[in-house]
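This is run25.txt. It holds compact mmCIF, C-alpha atoms.
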# COMPACT_ATOMS: atom_id res chain seq x y z
CA MET A 1 -127.11 -47.53 -36.59
CA ARG A 2 -127.83 -47.25 -32.89
CA LEU A 3 -124.91 -48.39 -30.76
CA SER A 4 -126.61 -49.10 -27.44
CA PHE A 5 -125.59 -52.77 -27.67
CA LEU A 6 -122.00 -51.62 -27.07
CA GLU A 7 -122.76 -49.81 -23.80
CA PRO A 8 -121.52 -52.69 -21.56
CA LEU A 9 -118.09 -52.30 -23.14
CA TYR A 10 -117.61 -48.84 -21.70
CA GLU A 11 -119.09 -49.21 -18.24
CA GLU A 12 -115.68 -50.10 -16.82
CA PRO A 13 -112.22 -48.76 -17.69
CA GLY A 14 -109.73 -50.92 -19.59
CA PRO A 15 -107.49 -52.48 -20.50
CA PHE A 16 -109.59 -54.87 -22.57
CA ALA A 17 -108.96 -58.15 -24.29
CA SER A 18 -110.81 -58.18 -27.63
CA VAL A 19 -111.06 -61.55 -29.42
CA TYR A 20 -112.46 -62.32 -32.87
CA LEU A 21 -112.61 -66.01 -33.67
CA ASP A 22 -114.00 -68.27 -36.40
CA THR A 23 -116.32 -70.70 -34.60
CA SER A 24 -117.97 -72.22 -37.70
CA ARG A 25 -119.45 -75.69 -37.38
CA ASP A 26 -119.34 -76.59 -41.09
CA VAL A 27 -115.93 -78.32 -40.90
CA GLU A 28 -114.78 -81.73 -39.75
CA HIS A 29 -113.94 -81.78 -36.04
CA PRO A 30 -115.00 -78.15 -35.39
CA GLU A 31 -114.20 -78.27 -31.65
CA ARG A 32 -110.62 -79.28 -32.41
CA ALA A 33 -110.28 -76.48 -34.99
CA ILE A 34 -111.68 -73.88 -32.57
CA ALA A 35 -109.40 -75.07 -29.76
CA LEU A 36 -106.36 -74.71 -32.03
CA ARG A 37 -107.36 -71.20 -33.09
CA TRP A 38 -107.95 -70.17 -29.51
CA ARG A 39 -104.58 -71.57 -28.35
CA LEU A 40 -102.80 -69.30 -30.82
CA LEU A 41 -104.85 -66.28 -29.73
CA ARG A 42 -104.30 -67.07 -26.05
CA GLU A 43 -100.55 -67.12 -26.59
CA SER A 44 -100.78 -63.78 -28.40
CA LEU A 45 -102.77 -62.18 -25.57
CA SER A 46 -100.31 -63.50 -23.02
CA ARG A 47 -97.43 -61.87 -24.91
CA GLN A 48 -99.40 -58.60 -24.99
CA GLY A 49 -99.76 -58.57 -21.19
CA SER A 50 -103.06 -60.35 -20.40
CA ASP A 51 -102.95 -62.17 -17.08
CA ARG A 52 -104.02 -65.75 -16.48
CA ALA A 53 -107.34 -64.80 -14.84
CA LEU A 54 -108.42 -62.81 -17.91
CA LEU A 55 -107.35 -65.59 -20.26
CA ASN A 56 -109.31 -68.16 -18.28
CA VAL A 57 -112.46 -66.02 -18.43
CA LEU A 58 -112.16 -65.85 -22.21
CA GLU A 59 -111.50 -69.57 -22.51
CA GLU A 60 -114.73 -70.38 -20.70
CA VAL A 61 -116.83 -68.84 -23.48
CA VAL A 62 -114.71 -69.55 -26.57
CA GLY A 63 -116.72 -71.92 -28.75
CA ALA A 64 -119.69 -71.91 -26.36
CA ASP A 65 -121.98 -71.09 -29.32
CA ARG A 66 -122.38 -74.79 -30.21
CA ASP A 67 -126.10 -74.38 -30.86
CA VAL A 68 -125.40 -71.99 -33.79
CA PRO A 69 -125.02 -74.10 -36.95
CA GLY A 70 -123.06 -73.33 -40.08
CA VAL A 71 -120.60 -70.56 -40.83
CA HIS A 72 -120.22 -67.83 -38.19
CA GLY A 73 -117.84 -66.29 -35.69
CA GLN A 74 -117.58 -65.02 -32.16
CA ALA A 75 -116.55 -61.64 -30.72
CA ILE A 76 -115.56 -61.70 -27.04
CA PHE A 77 -114.50 -58.83 -24.78
CA ALA A 78 -113.21 -59.07 -21.24
CA ALA A 79 -111.55 -56.74 -18.71
CA HIS A 80 -110.22 -57.11 -15.17
CA GLY A 81 -110.98 -60.82 -15.06
CA THR A 82 -114.64 -60.33 -16.08
CA LEU A 83 -116.51 -61.12 -19.29
CA VAL A 84 -117.89 -57.84 -20.65
CA LEU A 85 -119.54 -58.80 -23.95
CA ASP A 86 -119.95 -61.99 -25.96
CA GLY A 87 -121.47 -61.54 -29.41
CA GLU A 88 -122.17 -63.77 -32.41
CA LEU A 89 -120.79 -62.77 -35.80
CA PRO A 90 -122.90 -63.46 -38.91
CA ARG A 91 -119.66 -64.15 -40.79
CA PRO A 92 -116.34 -65.48 -39.55
CA PRO A 93 -113.71 -62.75 -39.16
CA GLU A 94 -111.35 -62.42 -42.11
CA HIS A 95 -108.55 -63.27 -39.71
CA ASP A 96 -108.72 -64.51 -36.13
CA SER A 97 -107.40 -61.72 -33.90
CA ALA A 98 -106.76 -60.88 -30.28
CA HIS A 99 -105.86 -57.44 -28.92
CA TYR A 100 -105.08 -56.28 -25.41
CA SER A 101 -105.43 -52.52 -25.29
CA THR A 102 -106.78 -49.58 -23.32
CA LEU A 103 -109.94 -49.37 -25.45
CA PRO A 104 -111.93 -52.30 -26.86
CA ASP A 105 -111.45 -53.19 -30.51
CA ALA A 106 -115.17 -53.00 -31.32
CA MET A 107 -115.28 -51.72 -34.90
CA PRO A 108 -115.14 -55.21 -36.51
CA LEU A 109 -118.21 -56.15 -34.44
CA VAL A 110 -120.02 -52.99 -35.56
CA THR A 111 -119.23 -53.51 -39.24
CA GLN A 112 -120.70 -57.02 -39.05
CA HIS A 113 -124.00 -55.43 -37.96
CA VAL A 114 -124.10 -53.18 -41.07
CA PRO A 115 -126.52 -52.49 -42.78
CA GLU A 116 -128.74 -53.40 -39.77
CA ILE A 117 -132.00 -53.60 -41.71
CA PRO A 118 -135.12 -54.57 -39.73
CA TYR A 119 -137.31 -56.98 -41.68
CA MET A 120 -139.87 -59.77 -41.50
CA ALA A 121 -139.49 -63.07 -43.37
CA VAL A 122 -142.53 -65.20 -44.20
CA VAL A 123 -142.59 -68.72 -45.64
CA VAL A 124 -145.88 -70.29 -46.78
CA HIS A 125 -145.90 -73.99 -47.66
CA TYR A 126 -148.65 -75.91 -49.44
CA GLY A 127 -148.14 -78.99 -51.59
CA GLY A 128 -151.62 -79.63 -52.95
CA LEU A 129 -153.76 -78.31 -55.76
CA PRO A 130 -154.52 -74.53 -55.77
CA THR A 131 -158.19 -74.86 -54.92
CA ALA A 132 -160.15 -74.35 -51.74
CA GLU A 133 -161.99 -77.67 -52.28
CA THR A 134 -158.81 -79.70 -51.80
CA HIS A 135 -158.16 -81.40 -48.48
CA GLY A 136 -154.87 -80.48 -46.84
CA TRP A 137 -153.03 -77.85 -44.88
CA VAL A 138 -151.22 -74.58 -45.48
CA THR A 139 -148.35 -73.90 -43.09
CA LEU A 140 -147.03 -70.40 -42.40
CA GLU A 141 -143.87 -69.43 -40.56
CA ALA A 142 -142.85 -65.82 -39.92
CA GLU A 143 -139.84 -64.32 -38.19
CA THR A 144 -138.66 -60.76 -37.59
CA GLY A 145 -135.01 -59.84 -37.36
CA THR A 146 -132.31 -57.32 -38.14
CA TRP A 147 -130.11 -58.19 -41.10
CA PRO A 148 -127.43 -59.54 -41.02
CA ALA A 149 -127.09 -60.20 -37.26
CA SER A 150 -130.30 -62.25 -37.30
CA THR A 151 -128.63 -65.00 -39.32
CA VAL A 152 -127.07 -66.28 -36.09
CA THR A 153 -129.53 -64.74 -33.62
CA PRO A 154 -132.93 -65.32 -35.25
CA GLY A 155 -135.95 -63.85 -33.54
CA GLU A 156 -139.05 -65.53 -32.17
CA ARG A 157 -140.84 -67.48 -34.87
CA MET A 158 -144.58 -67.56 -35.51
CA HIS A 159 -146.08 -70.90 -36.65
CA ARG A 160 -149.56 -71.41 -38.10
CA ARG A 161 -151.23 -74.46 -39.71
CA VAL A 162 -154.44 -73.71 -41.58
CA ALA A 163 -156.85 -76.01 -43.41
CA VAL A 164 -156.62 -75.21 -47.11
CA ALA A 165 -160.40 -74.95 -47.34
CA THR A 166 -160.29 -71.94 -44.99
CA TRP A 167 -157.04 -70.38 -46.28
CA HIS A 168 -158.76 -67.52 -48.16
CA ARG A 169 -160.68 -66.51 -45.04
CA THR A 170 -157.99 -67.20 -42.44
CA SER A 171 -155.22 -65.42 -44.38
CA LEU A 172 -157.06 -62.13 -43.89
CA ARG A 173 -156.80 -62.49 -40.11
CA LEU A 174 -153.19 -63.70 -40.38
CA GLY A 175 -152.38 -60.64 -42.49
CA HIS A 176 -153.34 -58.36 -39.62
CA ARG A 177 -151.26 -60.45 -37.19
CA LEU A 178 -148.27 -60.15 -39.49
CA ASP A 179 -148.84 -56.41 -39.79
CA GLU A 180 -148.71 -56.06 -36.01
CA ARG A 181 -145.43 -57.99 -35.82
CA ALA A 182 -143.88 -55.99 -38.64
CA ARG A 183 -144.87 -52.70 -37.00
CA ARG A 184 -143.33 -53.74 -33.69
CA ALA A 185 -140.12 -54.63 -35.51
CA HIS A 186 -140.19 -51.41 -37.60
CA ALA A 187 -139.63 -53.68 -40.61
CA ASP A 188 -138.26 -52.03 -43.75
CA ALA A 189 -139.21 -55.04 -45.87
CA VAL A 190 -141.38 -58.16 -45.78
CA VAL A 191 -139.65 -60.99 -47.64
CA VAL A 192 -142.07 -63.73 -48.71
CA GLY A 193 -141.24 -67.15 -50.16
CA GLY A 194 -142.88 -70.51 -50.61
CA SER A 195 -145.80 -71.95 -52.57
CA GLU A 196 -146.92 -69.51 -55.26
CA TRP A 197 -150.70 -69.96 -54.91
CA ALA A 198 -150.73 -69.78 -51.09
CA CYS A 199 -148.35 -66.80 -51.09
CA ASN A 200 -150.48 -64.93 -53.60
CA VAL A 201 -153.60 -65.44 -51.50
CA LEU A 202 -151.83 -64.15 -48.40
CA ILE A 203 -150.25 -61.12 -50.09
CA ARG A 204 -153.55 -59.98 -51.58
CA ARG A 205 -155.05 -59.96 -48.09
CA LEU A 206 -152.27 -58.06 -46.36
CA PRO A 207 -153.00 -54.49 -45.22
CA HIS A 208 -151.91 -51.99 -47.88
CA THR A 209 -149.08 -50.55 -45.76
CA LEU A 210 -147.56 -54.01 -45.35
CA ARG A 211 -148.23 -55.12 -48.93
CA ASP A 212 -146.16 -52.19 -50.20
CA LYS A 213 -143.12 -53.60 -48.37
CA VAL A 214 -143.40 -57.14 -49.79
CA VAL A 215 -140.45 -58.62 -51.70
CA ARG A 216 -141.20 -61.98 -53.34
CA VAL A 217 -138.33 -64.46 -53.52
CA GLY A 218 -137.92 -67.90 -55.07
CA GLY A 219 -135.67 -70.82 -54.37
CA ARG A 220 -135.70 -73.42 -51.62
CA THR A 221 -137.41 -72.38 -48.39
CA PRO A 222 -136.40 -74.83 -45.62
CA THR A 223 -137.54 -73.79 -42.15
CA ASP A 224 -135.51 -76.16 -39.96
CA THR A 225 -131.95 -74.92 -40.52
CA GLY A 226 -131.47 -73.30 -37.12
CA ARG A 227 -130.54 -70.11 -38.97
CA ALA A 228 -132.60 -67.12 -40.10
CA LEU A 229 -135.72 -67.89 -42.10
CA LEU A 230 -134.99 -67.36 -45.83
CA GLU A 231 -131.33 -66.58 -45.07
CA PRO A 232 -129.96 -67.16 -48.63
CA GLN A 233 -132.70 -65.02 -50.18
CA LEU A 234 -132.27 -62.25 -47.59
CA ASP A 235 -128.65 -61.86 -48.60
CA GLY A 236 -129.70 -61.15 -52.18
CA VAL A 237 -132.47 -58.76 -51.15
CA PHE A 238 -130.38 -56.65 -48.78
CA ARG A 239 -126.93 -56.68 -50.38
CA GLY A 240 -125.89 -53.08 -51.10
CA ARG A 241 -129.00 -51.68 -49.44
CA MET A 242 -129.12 -49.19 -46.56
CA ALA A 243 -131.59 -49.32 -43.69
CA ALA A 244 -134.44 -46.84 -44.14
CA HIS A 245 -133.47 -45.11 -40.89
CA ASP A 246 -129.87 -44.62 -42.04
CA ARG A 247 -131.06 -43.47 -45.46
CA GLU A 248 -133.20 -40.82 -43.76
CA LEU A 249 -130.16 -39.58 -41.80
CA VAL A 250 -128.13 -39.35 -45.02
CA ASP A 251 -130.91 -37.36 -46.70
CA ILE A 252 -131.02 -35.00 -43.71
CA PHE A 253 -127.24 -34.53 -43.95
CA ILE A 254 -127.47 -33.71 -47.67
CA GLY A 255 -130.23 -31.18 -46.99
CA ARG A 256 -128.34 -29.52 -44.17
CA ARG A 257 -125.16 -29.38 -46.24
CA ALA A 258 -127.04 -27.55 -49.00
CA LEU A 259 -128.54 -25.05 -46.56
CA ALA A 260 -125.53 -24.66 -44.23
CA GLY A 261 -127.54 -26.28 -41.45
CA PRO A 262 -126.32 -28.04 -38.28
CA MET A 263 -123.75 -30.47 -39.73
CA THR A 264 -120.02 -30.71 -40.05
CA GLU A 265 -117.58 -32.45 -42.35
CA GLY A 266 -113.93 -33.46 -42.21
CA LEU A 267 -111.99 -35.14 -39.41
CA ALA A 268 -110.90 -32.04 -37.47
CA ALA A 269 -114.35 -30.42 -37.37
CA THR A 270 -116.06 -33.71 -36.51
CA VAL A 271 -113.66 -34.47 -33.67
CA ALA A 272 -114.20 -30.96 -32.32
CA ALA A 273 -117.98 -31.56 -32.37
CA LEU A 274 -117.52 -34.87 -30.50
CA GLN A 275 -115.56 -33.02 -27.82
CA ARG A 276 -118.60 -30.81 -27.24
CA GLY A 277 -121.16 -33.64 -27.32
CA GLN A 278 -122.81 -32.08 -30.38
CA VAL A 279 -122.85 -35.14 -32.65
CA ALA A 280 -126.23 -36.82 -33.14
CA ALA A 281 -124.98 -39.16 -35.89
CA LEU A 282 -121.49 -39.77 -37.27
CA LEU A 283 -121.30 -40.54 -41.00
CA LEU A 284 -118.39 -42.52 -42.43
CA ASN A 285 -117.64 -43.59 -45.97
CA ARG A 286 -115.69 -46.47 -44.47
CA PRO A 287 -114.41 -47.40 -41.01
CA PRO A 288 -111.03 -45.77 -40.27
CA GLY A 289 -107.99 -47.89 -41.00
CA SER A 290 -105.89 -49.19 -38.12
CA SER A 291 -103.10 -46.72 -38.94
CA LEU A 292 -105.20 -43.60 -38.24
CA ARG A 293 -104.63 -42.40 -34.68
CA LEU A 294 -106.28 -39.96 -32.28
CA TRP A 295 -105.41 -38.86 -28.77
CA ALA A 296 -107.77 -39.80 -25.96
CA GLY A 297 -108.27 -39.23 -22.24
CA SER A 298 -110.31 -41.14 -19.69
CA GLN A 299 -113.71 -39.73 -20.75
CA PRO A 300 -115.60 -40.36 -24.01
CA THR A 301 -115.49 -36.71 -25.11
CA GLN A 302 -111.76 -36.45 -24.41
CA VAL A 303 -110.63 -37.05 -27.97
CA ALA A 304 -108.40 -34.88 -30.16
CA LEU A 305 -106.08 -34.85 -33.12
CA THR A 306 -103.01 -33.98 -31.04
CA GLU A 307 -101.67 -34.59 -27.57
CA ALA A 308 -101.16 -30.86 -27.04
CA GLU A 309 -104.83 -30.13 -27.69
CA LEU A 310 -105.99 -32.58 -25.03
CA MET A 311 -103.45 -31.31 -22.52
CA SER A 312 -104.69 -27.77 -23.12
CA PHE A 313 -108.10 -29.00 -21.92
CA GLY A 314 -106.51 -30.17 -18.67
CA VAL A 315 -106.39 -33.87 -19.59
CA ARG A 316 -103.55 -35.56 -17.78
CA ALA A 317 -101.52 -38.28 -19.48
CA PRO A 318 -103.47 -38.53 -22.77
CA ARG A 319 -102.87 -41.67 -24.82
CA GLU A 320 -102.54 -42.20 -28.54
CA GLU A 321 -105.24 -44.67 -29.63
CA ARG A 322 -106.56 -46.15 -32.82
CA ALA A 323 -109.08 -43.71 -34.30
CA ASP A 324 -111.84 -46.30 -34.72
CA GLU A 325 -111.62 -47.28 -31.04
CA ALA A 326 -111.63 -43.67 -29.80
CA LEU A 327 -114.48 -42.65 -32.11
CA LEU A 328 -116.69 -45.55 -31.09
CA ARG A 329 -116.21 -44.81 -27.40
CA ALA A 330 -117.12 -41.16 -28.03
CA LEU A 331 -120.26 -42.14 -29.95
CA VAL A 332 -121.48 -44.63 -27.34
CA GLY A 333 -120.63 -42.28 -24.48
CA THR A 334 -122.62 -39.42 -25.99
CA GLY A 335 -125.53 -41.49 -27.33
CA ALA A 336 -124.72 -40.75 -30.98
CA GLU A 337 -125.49 -43.01 -33.93
CA LEU A 338 -123.20 -44.32 -36.67
CA VAL A 339 -124.00 -44.44 -40.38
CA VAL A 340 -121.68 -46.13 -42.88
CA VAL A 341 -122.60 -44.67 -46.27
CA PRO A 342 -120.90 -45.69 -49.56
CA GLU A 343 -119.09 -42.95 -51.46
CA SER A 344 -121.39 -43.68 -54.41
CA GLU A 345 -124.27 -42.46 -52.22
CA LEU A 346 -122.51 -39.54 -50.52
CA ARG A 347 -118.87 -38.52 -50.78
CA LEU A 348 -117.72 -36.99 -47.49
CA TYR A 349 -114.71 -34.71 -47.10
CA GLU A 350 -111.95 -36.89 -45.62
CA GLY A 351 -114.55 -39.65 -45.47
CA VAL A 352 -116.26 -38.35 -42.33
CA GLY A 353 -119.08 -36.00 -41.35
CA ALA A 354 -121.72 -35.53 -38.67
CA LEU A 355 -125.25 -34.42 -38.05
CA LEU A 356 -125.21 -32.07 -35.08
CA ARG A 357 -127.68 -31.72 -32.24
CA TYR A 358 -127.09 -27.97 -32.12
CA THR A 359 -124.71 -25.25 -33.22
CA ASP A 360 -123.42 -22.19 -31.43
CA PRO A 361 -120.70 -19.59 -32.06
CA GLY A 362 -118.07 -22.12 -30.92
CA THR A 363 -119.03 -24.77 -33.46
CA PRO A 364 -116.20 -25.28 -35.99
CA SER A 365 -117.15 -24.58 -39.60
Show the structure stored in the file as structure tokens.
Amino acid sequence: MRLSFLEPLYEEPGPFASVYLDTSRDVEHPERAIALRWRLLRESLSRQGSDRALLNVLEEVVGADRDVPGVHGQAIFAAHGTLVLDGELPRPPEHDSAHYSTLPDAMPLVTQHVPEIPYMAVVVHYGGLPTAETHGWVTLEAETGTWPASTVTPGERMHRRVAVATWHRTSLRLGHRLDERARRAHADAVVVGGSEWACNVLIRRLPHTLRDKVVRVGGRTPTDTGRALLEPQLDGVFRGRMAAHDRELVDIFIGRRALAGPMTEGLAATVAALQRGQVAALLLNRPPGSSLRLWAGSQPTQVALTEAELMSFGVRAPREERADEALLRALVGTGAELVVVPESELRLYEGVGALLRYTDPGTPS
């Protein structure tokens, strides 16, 4: 997973207010429910030291996602009286939360982007007889996105209405248009649903490279939900699956581990590599728990297991921080990626490892 979407969080120093809030619209009186949740979080932030100006900035955007229907949440970050980042959550947070701390609490936002699979969804509707002599229309809608974030931030949608008499001929041209869109999106999969006859005609006319990525799905295929196209089916297709890009990084790690190549494993060795800007991709079996702590300075690479280690590097007044917050800042600050890989796929020593950009005599083993 590339973490460039988090860069605005680290352009200014903290402290930050980090808010995770259920803003679902599938309940009675949703605005009242959201206002009540926010009031409790605002009181919590005030007790933690947030000033009125910061709280007012947050309040302006809480629940502002009224155009997003259904179940979802909101992640909001602010610092020094300024909104830093406002993101939609595909799922409501398990618990509403608000933290005021030196570093932003961004890991829950990141984990809601996992597995971050690029895809294209296609729905083909036709209600008549499966014959080219029938009068009527075939409608096609296609949308690219990145699962699961696209459920609440769907991409631009393509609409086409084709006379059924010309569907065999026109679907060939549409297949090439879809191939172009899928290539631009680097789609791992093309999920197709809708009328069986019309879908079959389209799939047979897709370019071979795109046809190999097709996953057929059944069930209802409404296109006017305001959410991602084929959202219920996408959940079934992608559950437990890794993005092809992340899978490639895991395979590289396994190969380098076997050949003693440029990689490292274990918390101490990985933190040491982050200090040196060597990490190209950090691999985790699971995000660190809130109890795991690291010491951090003012710069992304100033991270260590102990206060004494940082002070030996000349860092003044290091702070003890949550490990997930310190690791994310180091990754974003050094342009490294993050891969969350299940233990069933790859068991990492202490649950953490890294692909390195380079090694030298100073690289910890």
Neighbour list for A:Arg319 as number ranges by chain, cut-off 8 Å, only C-alpha atoms, skip fewer than 2 positions in-chain = A: 295-297, 307, 317, 321
Contact residues around stretch 163-172 of chain A with only C-alpha atoms at 12 Å, ignoring same-chain residues under 5 positions, as a PyMOL selection string = chain A and resi 124-140+177-179+197-207
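The nearest approach to A:Leu85 among the residues A:Pro13, A:Gly145, A:Gln112, A:Phe5, with only C-alpha atoms taken into account, belongs to A:Phe5.
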request  = Determine, counting all atoms listed in the file, which protein, DNA and RNA residues have an atom within 9 Å of an atom of A:Val214; residues of the same chain fewer than 5 positions away are not included. Present the result as a list in words.
outcome  = Ala189, Val190, Val191, Val192 and Ile203 of chain A
ask   = Any idea what's packed within 9 Å of A:Thr264, counting all atoms listed in the file, ignoring anything in its chain fewer than 2 positions away? Could you give it as a PyMOL selection string?
value = chain A and resi 257+261-262+266+269-270+273+352-356+363-365
With C-alpha atoms retained, could you export that selection as a compact mmCIF listing (two decimals), in the frame of the given file?
# COMPACT_ATOMS: atom_id res chain seq x y z
CA ARG A 257 -125.16 -29.38 -46.24
CA GLY A 261 -127.54 -26.28 -41.45
CA PRO A 262 -126.32 -28.04 -38.28
CA GLY A 266 -113.93 -33.46 -42.21
CA ALA A 269 -114.35 -30.42 -37.37
CA THR A 270 -116.06 -33.71 -36.51
CA ALA A 273 -117.98 -31.56 -32.37
CA VAL A 352 -116.26 -38.35 -42.33
CA GLY A 353 -119.08 -36.00 -41.35
CA ALA A 354 -121.72 -35.53 -38.67
CA LEU A 355 -125.25 -34.42 -38.05
CA LEU A 356 -125.21 -32.07 -35.08
CA THR A 363 -119.03 -24.77 -33.46
CA PRO A 364 -116.20 -25.28 -35.99
CA SER A 365 -117.15 -24.58 -39.60
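Using only C-alpha atoms, the protein and nucleic acid residues lying no more than 9 Å from A:Ser4, apart from those fewer than 3 places from it along its own chain, are Glu7, Pro8, Val332, Gly335 and Glu337 of chain A.
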With C-alpha atoms retained, could you export that selection as a short mmCIF file (atom, residue, chain, number, x, y, z; two decimals), in the frame of the given file?
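Writing the result to part-v4.cif gives the following:
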data_model
loop_
_atom_site.label_atom_id
_atom_site.label_comp_id
_atom_site.auth_asym_id
_atom_site.auth_seq_id
_atom_site.Cartn_x
_atom_site.Cartn_y
_atom_site.Cartn_z
CA GLU A 7 -122.76 -49.81 -23.80
CA PRO A 8 -121.52 -52.69 -21.56
CA VAL A 332 -121.48 -44.63 -27.34
CA GLY A 335 -125.53 -41.49 -27.33
CA GLU A 337 -125.49 -43.01 -33.93
#
key: Given only C-alpha atoms as the counted atoms, nearest of A:Thr102, A:Thr306, A:Thr359, A:Ser50 to A:Glu12   = A:Thr102
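The space separating atom CA of A:Leu174 from atom CA of A:Ser150 comes to 23.1 Å.
Here atom CA of A:Ala64 stands at a distance of 9.0 Å from atom CA of A:Thr23.
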Two-atom distance - atom CA of A:Leu103, atom CA of A:Gly63 (Å) =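 About the pair atom CA of A:Leu103 and atom CA of A:Gly63: they are 23.8 Å apart.
Of the listed residues (A:Arg52, A:His99, A:Arg2, A:Arg347), A:Arg52 comes nearest to A:His80; the distances count all atoms listed in the file.
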query = Pick the closest to A:Ser97 from A:Ser46, A:Thr144, A:Ser24, A:Ser18: which is it, counting all atoms listed in the file?
reply =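 Nearest candidate to A:Ser97 out of A:Ser46, A:Thr144, A:Ser24, A:Ser18: A:Ser18.
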Return as AutoDock Vina command-line options the box centre and box size in Å, one decimal, for an axis-aligned box around all listed atoms of stretch 88-102 of chain A padded by 4 Å per side.
--center_x -114.0 --center_y -57.5 --center_z -32.7 --size_x 25.8 --size_y 23.9 --size_z 26.8
ask   = Taking into account only C-alpha atoms, which residue in the set A:Ile254, A:Val217, A:Met120, A:Val162 is nearest to A:Gly236?
value =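 The shortest atom-to-atom distance to A:Gly236 comes from A:Val217.
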inquiry  = Measuring between only C-alpha atoms, which one of A:Gly155, A:Gly73, A:Gly351, A:Gly81 shows the shortest distance to A:Asp96?
reply    = A:Gly73
